[in-house]
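input-v5.csv (CSV, C-alpha atoms)
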```
chain,number,residue,atom,x,y,z
A,1,MET,CA,-31.5,-5.0,29.2
A,2,ALA,CA,-33.1,-7.7,27.0
A,3,ARG,CA,-32.7,-7.8,23.3
A,4,HIS,CA,-36.3,-6.8,22.6
A,5,ASP,CA,-35.7,-3.6,24.5
A,6,TYR,CA,-33.1,-2.3,22.1
A,7,GLU,CA,-33.6,-4.2,18.8
A,8,GLU,CA,-36.1,-1.8,17.3
A,9,GLN,CA,-34.2,1.2,18.6
A,10,VAL,CA,-30.8,0.3,17.1
A,11,ILE,CA,-32.3,-0.5,13.7
A,12,ALA,CA,-34.2,2.8,13.8
A,13,LEU,CA,-30.9,4.6,14.5
A,14,ALA,CA,-29.2,2.8,11.7
A,15,ARG,CA,-32.0,3.7,9.3
A,16,ASP,CA,-31.9,7.3,10.3
A,17,LEU,CA,-28.2,7.5,9.7
A,18,VAL,CA,-28.5,6.0,6.3
A,19,ARG,CA,-31.2,8.5,5.4
A,20,LEU,CA,-28.9,11.4,6.2
A,21,PRO,CA,-26.4,11.9,3.3
A,22,SER,CA,-22.9,12.4,4.7
A,23,LEU,CA,-20.2,12.8,2.1
A,24,SER,CA,-16.8,13.7,3.6
A,25,GLY,CA,-17.0,17.2,4.9
A,26,GLN,CA,-20.8,17.1,5.1
A,27,GLU,CA,-21.3,14.9,8.2
A,28,GLU,CA,-23.1,17.5,10.4
A,29,ARG,CA,-26.6,16.0,10.4
A,30,VAL,CA,-25.2,12.5,11.2
A,31,ALA,CA,-23.1,14.0,14.0
A,32,GLN,CA,-26.2,15.7,15.5
A,33,ARG,CA,-28.3,12.5,15.2
A,34,LEU,CA,-25.6,10.5,16.9
A,35,ALA,CA,-25.1,13.0,19.7
A,36,GLU,CA,-28.9,13.2,20.3
A,37,GLU,CA,-29.1,9.4,20.6
A,38,MET,CA,-26.2,9.2,23.0
A,39,GLU,CA,-27.8,11.9,25.2
A,40,ARG,CA,-31.1,10.2,25.1
A,41,LEU,CA,-29.4,7.0,26.2
A,42,ASN,CA,-27.9,8.8,29.2
A,43,PHE,CA,-24.2,8.5,28.3
A,44,ASP,CA,-22.1,10.1,31.0
A,45,ARG,CA,-20.8,12.8,28.7
A,46,VAL,CA,-21.5,13.6,25.0
A,47,TRP,CA,-19.9,16.3,22.9
A,48,ILE,CA,-18.8,17.3,19.4
A,49,ASP,CA,-15.2,18.5,19.2
A,50,PRO,CA,-13.8,21.4,17.2
A,51,VAL,CA,-13.1,19.1,14.2
A,52,GLY,CA,-16.7,17.8,14.2
A,53,ASN,CA,-16.1,14.4,15.7
A,54,VAL,CA,-18.8,13.0,18.0
A,55,ILE,CA,-17.6,11.6,21.3
A,56,GLY,CA,-19.8,9.6,23.7
A,57,GLN,CA,-18.3,8.7,27.1
A,58,VAL,CA,-19.4,5.9,29.4
A,59,GLY,CA,-17.6,5.9,32.7
A,60,THR,CA,-15.6,8.5,34.7
A,61,GLY,CA,-12.8,9.0,32.2
A,62,GLU,CA,-10.3,7.0,34.3
A,63,PRO,CA,-8.2,4.2,32.8
A,64,PRO,CA,-8.3,1.7,31.4
A,65,ILE,CA,-9.7,3.4,28.4
A,66,LEU,CA,-11.2,1.6,25.4
A,67,ILE,CA,-12.4,3.4,22.2
A,68,PHE,CA,-15.0,2.2,19.8
A,69,ASN,CA,-14.2,3.9,16.5
A,70,GLY,CA,-16.4,4.5,13.6
A,71,HIS,CA,-16.6,7.0,10.8
A,72,MET,CA,-19.6,9.1,9.8
A,73,ASP,CA,-18.7,9.9,6.3
A,74,THR,CA,-19.4,7.9,3.2
A,75,VAL,CA,-18.3,7.8,-0.4
A,76,GLY,CA,-20.6,9.1,-3.1
A,77,VAL,CA,-23.4,7.2,-4.8
A,78,GLY,CA,-21.8,7.0,-8.2
A,79,ASP,CA,-24.3,6.4,-11.0
A,80,PRO,CA,-27.8,6.5,-9.5
A,81,ARG,CA,-29.0,4.3,-12.3
A,82,ALA,CA,-26.9,1.4,-10.9
A,83,TRP,CA,-29.1,1.4,-7.8
A,84,GLU,CA,-32.3,-0.6,-7.6
A,85,LEU,CA,-33.2,1.0,-4.3
A,86,ASP,CA,-33.0,4.6,-3.1
A,87,PRO,CA,-29.4,5.1,-1.8
A,88,PHE,CA,-30.8,7.2,1.1
A,89,GLY,CA,-34.1,5.4,1.6
A,90,GLY,CA,-33.0,3.3,4.5
A,91,GLU,CA,-35.2,0.5,3.2
A,92,ILE,CA,-35.3,-2.9,4.7
A,93,VAL,CA,-35.9,-5.7,2.2
A,94,ASP,CA,-35.7,-9.4,3.0
A,95,GLY,CA,-33.9,-8.8,6.2
A,96,TYR,CA,-31.3,-6.4,4.8
A,97,LEU,CA,-30.9,-2.7,5.4
A,98,TYR,CA,-30.0,-1.0,2.1
A,99,GLY,CA,-28.4,2.3,1.4
A,100,ARG,CA,-25.2,4.2,1.1
A,101,GLY,CA,-23.2,3.7,4.3
A,102,SER,CA,-25.4,0.9,5.6
A,103,VAL,CA,-22.4,-1.4,6.0
A,104,ASP,CA,-19.6,1.2,5.7
A,105,MET,CA,-20.3,2.1,8.4
A,106,LYS,CA,-23.6,3.4,9.8
A,107,GLY,CA,-25.0,0.0,10.8
A,108,PRO,CA,-21.9,-0.8,12.8
A,109,LEU,CA,-21.8,2.7,14.3
A,110,ALA,CA,-25.4,2.3,15.5
A,111,ALA,CA,-24.5,-1.1,17.0
A,112,MET,CA,-21.5,0.4,18.8
A,113,VAL,CA,-23.7,3.1,20.4
A,114,TYR,CA,-26.1,0.5,21.7
A,115,GLY,CA,-23.3,-1.8,22.7
A,116,ALA,CA,-22.0,0.9,25.0
A,117,HIS,CA,-25.5,1.6,26.2
A,118,LEU,CA,-26.0,-2.1,27.0
A,119,LEU,CA,-22.7,-2.1,29.0
A,120,HIS,CA,-23.8,1.0,30.8
A,121,THR,CA,-27.2,-0.4,31.9
A,122,ARG,CA,-25.6,-3.6,33.1
A,123,GLY,CA,-22.9,-1.7,35.1
A,124,LEU,CA,-19.5,-0.7,33.8
A,125,PRO,CA,-16.9,-2.9,35.6
A,126,GLN,CA,-14.1,-0.3,35.6
A,127,GLY,CA,-12.4,2.2,33.3
A,128,THR,CA,-14.0,4.2,30.5
A,129,LEU,CA,-15.5,3.4,27.1
A,130,TYR,CA,-15.7,6.1,24.4
A,131,VAL,CA,-17.8,5.7,21.3
A,132,VAL,CA,-16.5,8.1,18.6
A,133,GLY,CA,-17.8,9.0,15.2
A,134,VAL,CA,-15.1,10.7,13.1
A,135,VAL,CA,-15.2,12.9,10.1
A,136,GLN,CA,-13.5,12.5,6.7
A,137,GLU,CA,-12.2,9.0,7.1
A,138,GLU,CA,-12.9,8.0,3.5
A,139,PRO,CA,-10.5,10.5,1.9
A,140,ARG,CA,-7.8,10.4,4.6
A,141,GLU,CA,-8.1,7.6,7.2
A,142,GLY,CA,-6.5,8.3,10.5
A,143,MET,CA,-6.5,12.1,10.2
A,144,ALA,CA,-9.6,12.9,12.2
A,145,MET,CA,-8.7,10.2,14.8
A,146,LYS,CA,-5.4,11.9,15.4
A,147,TYR,CA,-7.1,15.2,15.9
A,148,LEU,CA,-9.7,13.6,18.2
A,149,LEU,CA,-7.2,12.2,20.5
A,150,THR,CA,-5.0,15.3,20.6
A,151,GLU,CA,-7.8,17.9,20.7
A,152,ASN,CA,-9.7,16.1,23.5
A,153,ASP,CA,-6.8,14.9,25.5
A,154,ILE,CA,-7.9,11.3,25.4
A,155,GLU,CA,-5.2,8.6,25.9
A,156,PRO,CA,-6.7,5.2,25.0
A,157,ASP,CA,-5.2,2.0,26.1
A,158,PHE,CA,-7.1,0.1,23.3
A,159,VAL,CA,-9.0,0.9,20.1
A,160,LEU,CA,-11.6,-1.3,18.4
A,161,LEU,CA,-12.5,-0.3,14.9
A,162,GLY,CA,-16.1,-1.2,13.9
A,163,GLU,CA,-15.5,-1.4,10.1
A,164,PRO,CA,-17.4,-4.4,8.6
A,165,SER,CA,-15.5,-7.7,9.1
A,166,ASN,CA,-18.4,-10.3,9.0
A,167,PHE,CA,-17.7,-10.8,12.8
A,168,HIS,CA,-14.1,-11.8,12.1
A,169,VAL,CA,-11.4,-10.1,14.2
A,170,LYS,CA,-8.9,-8.1,12.0
A,171,ARG,CA,-5.5,-7.4,13.4
A,172,GLY,CA,-4.0,-5.2,10.7
A,173,HIS,CA,-3.7,-4.3,7.0
A,174,ARG,CA,-1.3,-2.9,4.5
A,175,GLY,CA,-0.5,0.8,4.4
A,176,ARG,CA,-0.7,3.1,1.5
A,177,LEU,CA,1.2,6.1,0.1
A,178,GLU,CA,0.4,8.5,-2.7
A,179,ILE,CA,3.4,9.6,-4.7
A,180,ARG,CA,3.3,12.3,-7.3
A,181,VAL,CA,5.8,12.5,-10.1
A,182,VAL,CA,6.1,15.7,-12.2
A,183,THR,CA,8.2,15.5,-15.4
A,184,TYR,CA,9.5,18.5,-17.2
A,185,GLY,CA,10.3,19.1,-20.9
A,186,ARG,CA,10.6,22.0,-23.3
A,187,ALA,CA,7.7,23.1,-25.5
A,188,CYS,CA,7.8,23.6,-29.2
A,189,HIS,CA,5.5,23.2,-32.2
A,190,ALA,CA,4.5,19.6,-32.8
A,191,SER,CA,5.5,19.9,-36.5
A,192,ASN,CA,9.1,20.2,-35.4
A,193,PRO,CA,9.4,17.9,-32.3
A,194,SER,CA,13.2,17.7,-32.3
A,195,ALA,CA,13.3,21.4,-31.3
A,196,GLY,CA,11.8,20.6,-27.9
A,197,GLU,CA,11.8,18.0,-25.2
A,198,ASN,CA,8.7,15.9,-24.7
A,199,ALA,CA,7.8,15.6,-21.0
A,200,LEU,CA,5.3,12.8,-21.9
A,201,TYR,CA,8.1,10.6,-23.3
A,202,ALA,CA,10.0,11.0,-20.0
A,203,ALA,CA,6.8,10.0,-18.1
A,204,ALA,CA,6.4,7.0,-20.4
A,205,ARG,CA,10.0,5.8,-19.6
A,206,ILE,CA,9.3,6.3,-15.9
A,207,ILE,CA,6.0,4.3,-16.1
A,208,PHE,CA,7.8,1.4,-17.8
A,209,GLY,CA,10.4,1.4,-14.9
A,210,ILE,CA,7.5,1.4,-12.4
A,211,GLU,CA,5.9,-1.6,-14.1
A,212,LEU,CA,9.2,-3.5,-13.8
A,213,LEU,CA,9.7,-2.5,-10.2
A,214,ALA,CA,6.2,-3.7,-9.3
A,215,ALA,CA,7.2,-7.3,-9.8
A,216,HIS,CA,10.0,-7.1,-7.3
A,217,LEU,CA,8.4,-5.5,-4.2
A,218,PRO,CA,8.8,-7.2,-0.8
A,219,SER,CA,6.1,-9.4,0.7
A,220,ASP,CA,5.0,-10.1,4.3
A,221,PRO,CA,3.7,-13.6,5.2
A,222,VAL,CA,0.6,-12.2,6.8
A,223,LEU,CA,-0.2,-8.9,5.0
A,224,GLY,CA,1.1,-10.0,1.6
A,225,PRO,CA,3.1,-8.1,-1.0
A,226,GLY,CA,3.5,-4.4,-1.5
A,227,THR,CA,2.0,-3.1,-4.7
A,228,LEU,CA,2.6,-0.2,-7.1
A,229,ALA,CA,0.3,1.3,-9.8
A,230,VAL,CA,0.1,4.5,-11.8
A,231,THR,CA,-3.5,5.6,-11.4
A,232,HIS,CA,-3.5,9.0,-13.1
A,233,LEU,CA,-1.5,10.8,-15.8
A,234,GLU,CA,-2.1,14.4,-16.9
A,235,THR,CA,-0.3,16.2,-19.7
A,236,PHE,CA,0.1,19.9,-20.0
A,237,SER,CA,0.9,21.8,-23.3
A,238,ALA,CA,-0.1,25.0,-25.0
A,239,SER,CA,-2.3,23.1,-27.5
A,240,ARG,CA,-2.8,19.7,-29.1
A,241,ASN,CA,-0.2,20.6,-31.7
A,242,ALA,CA,2.4,21.6,-29.2
A,243,ILE,CA,5.0,19.4,-27.5
A,244,PRO,CA,4.0,19.0,-23.8
A,245,ASP,CA,6.4,20.6,-21.4
A,246,ARG,CA,5.0,19.0,-18.2
A,247,THR,CA,3.2,15.9,-17.0
A,248,GLU,CA,1.9,14.9,-13.6
A,249,MET,CA,1.3,11.3,-12.6
A,250,VAL,CA,-0.2,9.8,-9.4
A,251,ILE,CA,1.2,6.5,-8.0
A,252,ASP,CA,-0.8,4.3,-5.6
A,253,ARG,CA,1.7,2.5,-3.5
A,254,ARG,CA,0.5,-0.1,-1.1
A,255,LEU,CA,3.0,-0.8,1.7
A,256,THR,CA,3.5,-4.1,3.4
A,257,LEU,CA,4.9,-4.5,6.8
A,258,GLY,CA,8.5,-3.2,7.0
A,259,GLU,CA,8.2,-0.8,4.1
A,260,THR,CA,8.5,3.0,4.7
A,261,GLU,CA,7.7,6.2,3.0
A,262,VAL,CA,11.4,7.0,2.6
A,263,LYS,CA,12.1,3.7,0.9
A,264,ALA,CA,9.1,3.8,-1.4
A,265,VAL,CA,9.9,7.4,-2.6
A,266,ALA,CA,13.6,6.5,-3.0
A,267,GLU,CA,12.6,3.6,-5.3
A,268,ILE,CA,10.8,6.0,-7.7
A,269,GLN,CA,13.6,8.6,-7.5
A,270,SER,CA,16.0,5.8,-8.6
A,271,ILE,CA,13.9,5.1,-11.7
A,272,VAL,CA,13.9,8.9,-12.5
A,273,GLN,CA,17.7,9.0,-12.2
A,274,LYS,CA,18.2,5.9,-14.3
A,275,GLU,CA,16.0,7.3,-17.1
A,276,GLY,CA,17.8,10.6,-17.0
A,277,ALA,CA,14.5,12.5,-16.7
A,278,ARG,CA,14.0,15.9,-15.3
A,279,ALA,CA,11.3,15.3,-12.7
A,280,ASP,CA,10.2,16.0,-9.1
A,281,VAL,CA,9.1,13.1,-6.9
A,282,PHE,CA,7.1,13.9,-3.7
A,283,VAL,CA,4.4,12.9,-1.3
A,284,PRO,CA,1.5,15.5,-1.5
A,285,GLU,CA,-0.2,17.1,1.4
A,286,TYR,CA,-3.9,16.6,2.1
A,287,GLU,CA,-5.9,19.7,3.1
A,288,ALA,CA,-9.6,20.0,3.7
A,289,GLU,CA,-12.1,21.8,5.8
A,290,SER,CA,-14.5,20.0,8.1
A,291,TYR,CA,-18.2,20.9,8.4
A,292,THR,CA,-17.2,23.0,11.5
A,293,HIS,CA,-14.7,24.9,9.3
A,294,TYR,CA,-11.7,23.3,11.0
A,295,ARG,CA,-8.8,23.1,8.6
A,296,LEU,CA,-7.4,19.5,8.4
A,297,ARG,CA,-3.9,18.9,7.1
A,298,GLY,CA,-1.7,15.9,6.7
A,299,ARG,CA,0.6,13.9,4.4
A,300,GLU,CA,-0.7,11.3,2.1
A,301,TYR,CA,1.1,8.5,4.0
A,302,TYR,CA,-0.6,5.7,5.9
A,303,PRO,CA,1.6,3.1,7.5
A,304,ALA,CA,0.9,-0.6,7.6
A,305,TRP,CA,0.1,-2.1,10.9
A,306,LEU,CA,-0.2,-5.6,12.4
A,307,LEU,CA,-1.1,-6.5,16.0
A,308,PRO,CA,0.7,-9.7,17.2
A,309,GLU,CA,-1.7,-12.7,17.2
A,310,ASP,CA,-0.9,-13.5,20.8
A,311,HIS,CA,-1.5,-9.9,22.0
A,312,PRO,CA,-3.6,-9.8,25.3
A,313,PHE,CA,-6.0,-7.3,23.8
A,314,LEU,CA,-6.7,-9.5,20.8
A,315,ARG,CA,-7.3,-12.5,23.0
A,316,ARG,CA,-9.8,-10.5,25.2
A,317,VAL,CA,-11.7,-9.3,22.1
A,318,LEU,CA,-11.9,-12.9,20.9
A,319,ARG,CA,-13.2,-14.1,24.3
A,320,GLY,CA,-15.9,-11.4,24.5
A,321,ALA,CA,-17.1,-12.0,20.9
A,322,GLU,CA,-17.2,-15.7,21.4
A,323,ARG,CA,-19.2,-15.3,24.6
A,324,ALA,CA,-21.8,-13.1,22.8
A,325,LEU,CA,-22.0,-14.9,19.5
A,326,GLY,CA,-21.6,-18.5,20.6
A,327,MET,CA,-18.7,-19.1,18.1
A,328,LYS,CA,-15.0,-18.3,18.0
A,329,PRO,CA,-14.3,-15.6,15.3
A,330,GLU,CA,-11.7,-16.1,12.7
A,331,VAL,CA,-8.6,-13.9,12.9
A,332,GLY,CA,-7.4,-12.2,9.8
A,333,THR,CA,-6.5,-8.9,8.1
A,334,TRP,CA,-8.4,-6.3,6.0
A,335,ALA,CA,-7.8,-5.6,2.4
A,336,PHE,CA,-8.8,-2.0,2.8
A,337,SER,CA,-7.3,0.8,4.9
A,338,THR,CA,-8.8,2.1,8.2
A,339,ASP,CA,-8.1,4.6,11.1
A,340,GLY,CA,-5.7,1.9,12.4
A,341,VAL,CA,-3.0,3.6,10.3
A,342,TYR,CA,-2.9,6.2,13.0
A,343,THR,CA,-3.9,4.4,16.2
A,344,MET,CA,-1.6,1.4,15.7
A,345,GLY,CA,0.5,2.4,12.7
A,346,GLU,CA,1.7,5.8,14.1
A,347,ALA,CA,0.6,6.0,17.8
A,348,GLY,CA,1.3,2.4,18.7
A,349,ILE,CA,-2.1,1.9,20.5
A,350,PRO,CA,-3.2,-1.8,20.5
A,351,THR,CA,-5.9,-1.9,17.8
A,352,VAL,CA,-8.1,-4.5,16.3
A,353,GLY,CA,-11.2,-4.5,14.0
A,354,PHE,CA,-14.5,-6.2,14.6
A,355,GLY,CA,-17.8,-5.4,13.0
A,356,PRO,CA,-21.0,-6.7,11.4
A,357,GLY,CA,-21.5,-6.9,7.7
A,358,GLU,CA,-19.5,-8.1,4.7
A,359,GLU,CA,-16.6,-5.8,3.8
A,360,GLU,CA,-17.2,-6.7,0.1
A,361,GLN,CA,-20.5,-4.6,0.3
A,362,ALA,CA,-18.6,-1.4,1.0
A,363,HIS,CA,-18.8,1.3,-1.7
A,364,THR,CA,-21.1,-0.9,-3.9
A,365,ALA,CA,-24.4,0.0,-5.6
A,366,ASP,CA,-27.2,-1.3,-3.4
A,367,GLU,CA,-24.9,-1.5,-0.4
A,368,ARG,CA,-26.5,-3.5,2.3
A,369,ILE,CA,-26.2,-5.1,5.8
A,370,ALA,CA,-28.2,-7.8,7.5
A,371,VAL,CA,-30.5,-6.4,10.1
A,372,ARG,CA,-29.9,-9.5,12.2
A,373,ASP,CA,-26.1,-8.8,12.2
A,374,ILE,CA,-26.6,-5.2,13.5
A,375,VAL,CA,-28.6,-6.6,16.4
A,376,ARG,CA,-26.1,-9.4,17.2
A,377,ALA,CA,-23.3,-6.8,17.1
A,378,VAL,CA,-24.8,-4.9,20.0
A,379,GLU,CA,-24.4,-7.9,22.4
A,380,ALA,CA,-20.9,-8.6,20.9
A,381,TYR,CA,-19.7,-5.0,21.5
A,382,ALA,CA,-21.0,-5.0,25.0
A,383,ALA,CA,-19.3,-8.3,25.8
A,384,ILE,CA,-16.0,-7.2,24.2
A,385,ALA,CA,-16.0,-4.0,26.2
A,386,ARG,CA,-16.7,-5.8,29.5
A,387,GLU,CA,-13.9,-8.3,28.7
A,388,VAL,CA,-11.4,-5.6,27.8
A,389,LEU,CA,-12.2,-3.3,30.7
A,390,HIS,CA,-12.4,-6.1,33.3
A,391,PRO,CA,-10.4,-9.1,32.0
```

As structure tokens, the full file:
Amino acid sequence: MARHDYEEQVIALARDLVRLPSLSGQEERVAQRLAEEMERLNFDRVWIDPVGNVIGQVGTGEPPILIFNGHMDTVGVGDPRAWELDPFGGEIVDGYLYGRGSVDMKGPLAAMVYGAHLLHTRGLPQGTLYVVGVVQEEPREGMAMKYLLTENDIEPDFVLLGEPSNFHVKRGHRGRLEIRVVTYGRACHASNPSAGENALYAAARIIFGIELLAAHLPSDPVLGPGTLAVTHLETFSASRNAIPDRTEMVIDRRLTLGETEVKAVAEIQSIVQKEGARADVFVPEYEAESYTHYRLRGREYYPAWLLPEDHPFLRRVLRGAERALGMKPEVGTWAFSTDGVYTMGEAGIPTVGFGPGEEEQAHTADERIAVRDIVRAVEAYAAIAREVLHP
């Protein structure tokens, strides 16, 4: 299949996907559009699983198995006044496709669909390629991917994440952990504060300890340092002239390689004990319902991961991308978090990232991706899949 045979089609698909709003939990129309396109392109099998994930299969289902992973959901628009163009217009201006999700990651997802189609038309050498569009990656990365593999009994040998990377190959990123701290006091009238115990003062002491701890977290030579930040604090009291008897804070903890949930929580518990505060420290549970009414649950823990630079899968991805693009991609890591927290971080499946578009464009007003890059990505994905499945 020549480029002119698919160029207009892949861009049309990307524009259609951008025009379909798909906040997390509201991905149904995007899922249907993806499934329709895969069926039209004669994928060997196409289905939507109980969670709402879309799976397109090229090949018999036999190993080796490669998964192209993308998510269908997007973050919100934010302030519409910050946008010069319609967030859901799918407009092309000066060679760029604009709109919410254009780069993160409906453009890359469209390119993966057509990359698989290109591989199919040229003859799959061996094995199986799955193109998957998952739900609710933005609020809890890795969760839907875990359900997809377990619910559909798919055991991939390799996973390629199509998040935007500007055609660089990404071999990992830091993990993240949400920690909640609830402090307790004793309420009384604010005119006589010594009669009570101010839960907010206890929270302030803990926050100061957290600030001190943040300067002493370990660092990895590739992924960089762990980080720690209080991102939310809420105070509870009977009124504004009553001493608060409870506070709740949220801590965003970024985990570098070698750090664990247990260690990160223990560090906060040590601060609580040192300050003599009455408090609970815990990792919350995430719970949501997909558009298919499937209940999704999981802990707010996302481990760091890093594929060795000399791993055979990474080398094959580099060879395939270089063959298609005419240049050797740089190898690096992402600043943000992806479904790799499950595939590599938990399941140990060799995983890398490779996608069109600039990652800095994700979640921005007037989000955009170069049309040319979407088209180039089609050949790159096809070449990578061929290299991986028939090295």

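Comparing A:Tyr301, A:Phe43, A:Phe236, A:Phe167 by their smallest distance to Ala377 of chain A, the closest is A:Phe167 (using all atoms listed in the file).
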
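With distances restricted to all atoms listed in the file, A:Val103 is the closest residue to Gly357 of chain A from A:Ile154, A:Val103, A:Val159, A:Val77.
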
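Nearest residue to Phe158 of chain A among A:Ile67, A:Leu97, A:Leu41, A:Ala288 is A:Ile67, counting all atoms listed in the file.
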
- Message: Using all atoms listed in the file, which protein or nucleic acid residues come within 9 Å of segment 360-363 of chain A? Drop anything in the same chain fewer than 3 positions from it, and give the result as a ChimeraX atom specification.
- Response: /A:74-77,100-105,164,357,366-369

- Message: Env of segment 263-268 of chain A: 12 Å cut, atoms = all atoms listed in the file, seq-sep filter 5 positions within chain, self excluded. Answer as an MDAnalysis selection string.
- Response: chainID A and resid 175:182 203 205:214 216:218 226:230 249:256 258 273:275 277 279:284 301 303

Could you please take those selected residues and save C-alpha atoms as a compact mmCIF listing (two decimals), in the coordinates of the input?
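Writing done, so here's result_20.txt:
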```txt
# COMPACT_ATOMS: atom_id res chain seq x y z
CA GLY A 175 -0.50 0.80 4.40
CA ARG A 176 -0.70 3.10 1.50
CA LEU A 177 1.20 6.10 0.10
CA GLU A 178 0.40 8.50 -2.70
CA ILE A 179 3.40 9.60 -4.70
CA ARG A 180 3.30 12.30 -7.30
CA VAL A 181 5.80 12.50 -10.10
CA VAL A 182 6.10 15.70 -12.20
CA ALA A 203 6.80 10.00 -18.10
CA ARG A 205 10.00 5.80 -19.60
CA ILE A 206 9.30 6.30 -15.90
CA ILE A 207 6.00 4.30 -16.10
CA PHE A 208 7.80 1.40 -17.80
CA GLY A 209 10.40 1.40 -14.90
CA ILE A 210 7.50 1.40 -12.40
CA GLU A 211 5.90 -1.60 -14.10
CA LEU A 212 9.20 -3.50 -13.80
CA LEU A 213 9.70 -2.50 -10.20
CA ALA A 214 6.20 -3.70 -9.30
CA HIS A 216 10.00 -7.10 -7.30
CA LEU A 217 8.40 -5.50 -4.20
CA PRO A 218 8.80 -7.20 -0.80
CA GLY A 226 3.50 -4.40 -1.50
CA THR A 227 2.00 -3.10 -4.70
CA LEU A 228 2.60 -0.20 -7.10
CA ALA A 229 0.30 1.30 -9.80
CA VAL A 230 0.10 4.50 -11.80
CA MET A 249 1.30 11.30 -12.60
CA VAL A 250 -0.20 9.80 -9.40
CA ILE A 251 1.20 6.50 -8.00
CA ASP A 252 -0.80 4.30 -5.60
CA ARG A 253 1.70 2.50 -3.50
CA ARG A 254 0.50 -0.10 -1.10
CA LEU A 255 3.00 -0.80 1.70
CA THR A 256 3.50 -4.10 3.40
CA GLY A 258 8.50 -3.20 7.00
CA GLN A 273 17.70 9.00 -12.20
CA LYS A 274 18.20 5.90 -14.30
CA GLU A 275 16.00 7.30 -17.10
CA ALA A 277 14.50 12.50 -16.70
CA ALA A 279 11.30 15.30 -12.70
CA ASP A 280 10.20 16.00 -9.10
CA VAL A 281 9.10 13.10 -6.90
CA PHE A 282 7.10 13.90 -3.70
CA VAL A 283 4.40 12.90 -1.30
CA PRO A 284 1.50 15.50 -1.50
CA TYR A 301 1.10 8.50 4.00
CA PRO A 303 1.60 3.10 7.50
```

Do a neighbour search on Glu137 of chain A at 7 Å with all atoms listed in the file, toss out local chain neighbours closer than 4 positions, and write the hits as a tab-separated table (two decimals) with C-alpha atoms, keeping the file's coordinate frame.
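Writing the result to out.tsv gives the following:
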```tsv
chain	number	residue	atom	x	y	z
A	71	HIS	CA	-16.60	7.00	10.80
A	73	ASP	CA	-18.70	9.90	6.30
A	141	GLU	CA	-8.10	7.60	7.20
A	142	GLY	CA	-6.50	8.30	10.50
A	144	ALA	CA	-9.60	12.90	12.20
```

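Among A:Val113, A:Gly52, A:Ile11, A:Ser290, the residue with the shortest atom-to-atom distance to Glu39 of chain A, counting all atoms listed in the file, is A:Val113.
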
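For the set A:Gly133, A:Pro50, A:Pro225, A:Pro244, the residue with the smallest atom-to-atom gap to Leu200 of chain A is A:Pro244, counting only C-alpha atoms.
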
- Between A:Glu359, A:Glu309, A:Lys170, A:Ala190, smallest distance to Ala238 of chain A by only C-alpha atoms belongs to A:Ala190

- Spatial neighbours of Pro63 of chain A, 7 Å, only C-alpha atoms, chain gap at least 2 places, as a ChimeraX atom specification: /A:61,65,127-128

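With atom CA of Gly107 of chain A on one side and atom CA of Leu160 of chain A on the other, the separation reads 15.5 Å.
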
- Nearby residues (only C-alpha atoms) at most 9 Å from Gly298 of chain A, same-chain spacing under 6 positions excluded, as number ranges by chain: A: 140, 143, 284-287

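Neighbourhood of point (-27.3, 10.1, 6.4): residues with an atom at most 8 Å away, counting all atoms listed in the file, are Asp16, Leu17, Val18, Arg19, Leu20, Pro21, Ser22, Glu27, Arg29, Val30, Phe88 and Gly101 of chain A.
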
- Separation of atom CA of Ala187 of chain A from atom CA of Arg240 of chain A, in Å and rounded to one decimal: 11.6 Å

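One distance worth recording is that between atom CA of Asp339 of chain A and atom CA of Ser219 of chain A, which is 22.5 Å.
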
Counting all atoms listed in the file, which residues of segment 160-212 of chain A sit at most 10 Å from some atom of segment 220-224 of chain A, and what is each one's closest atom pair with its distance in Å to one decimal, listed by chain and rising residue number, as JSON lines?
```
{"residue": "A:Gly172", "atom": "CA", "partner": "A:Leu223", "partner_atom": "CA", "distance": 7.8}
{"residue": "A:His173", "atom": "CA", "partner": "A:Leu223", "partner_atom": "CA", "distance": 6.1}
{"residue": "A:Arg174", "atom": "CA", "partner": "A:Leu223", "partner_atom": "CA", "distance": 6.1}
{"residue": "A:Gly175", "atom": "CA", "partner": "A:Leu223", "partner_atom": "CA", "distance": 9.7}
```
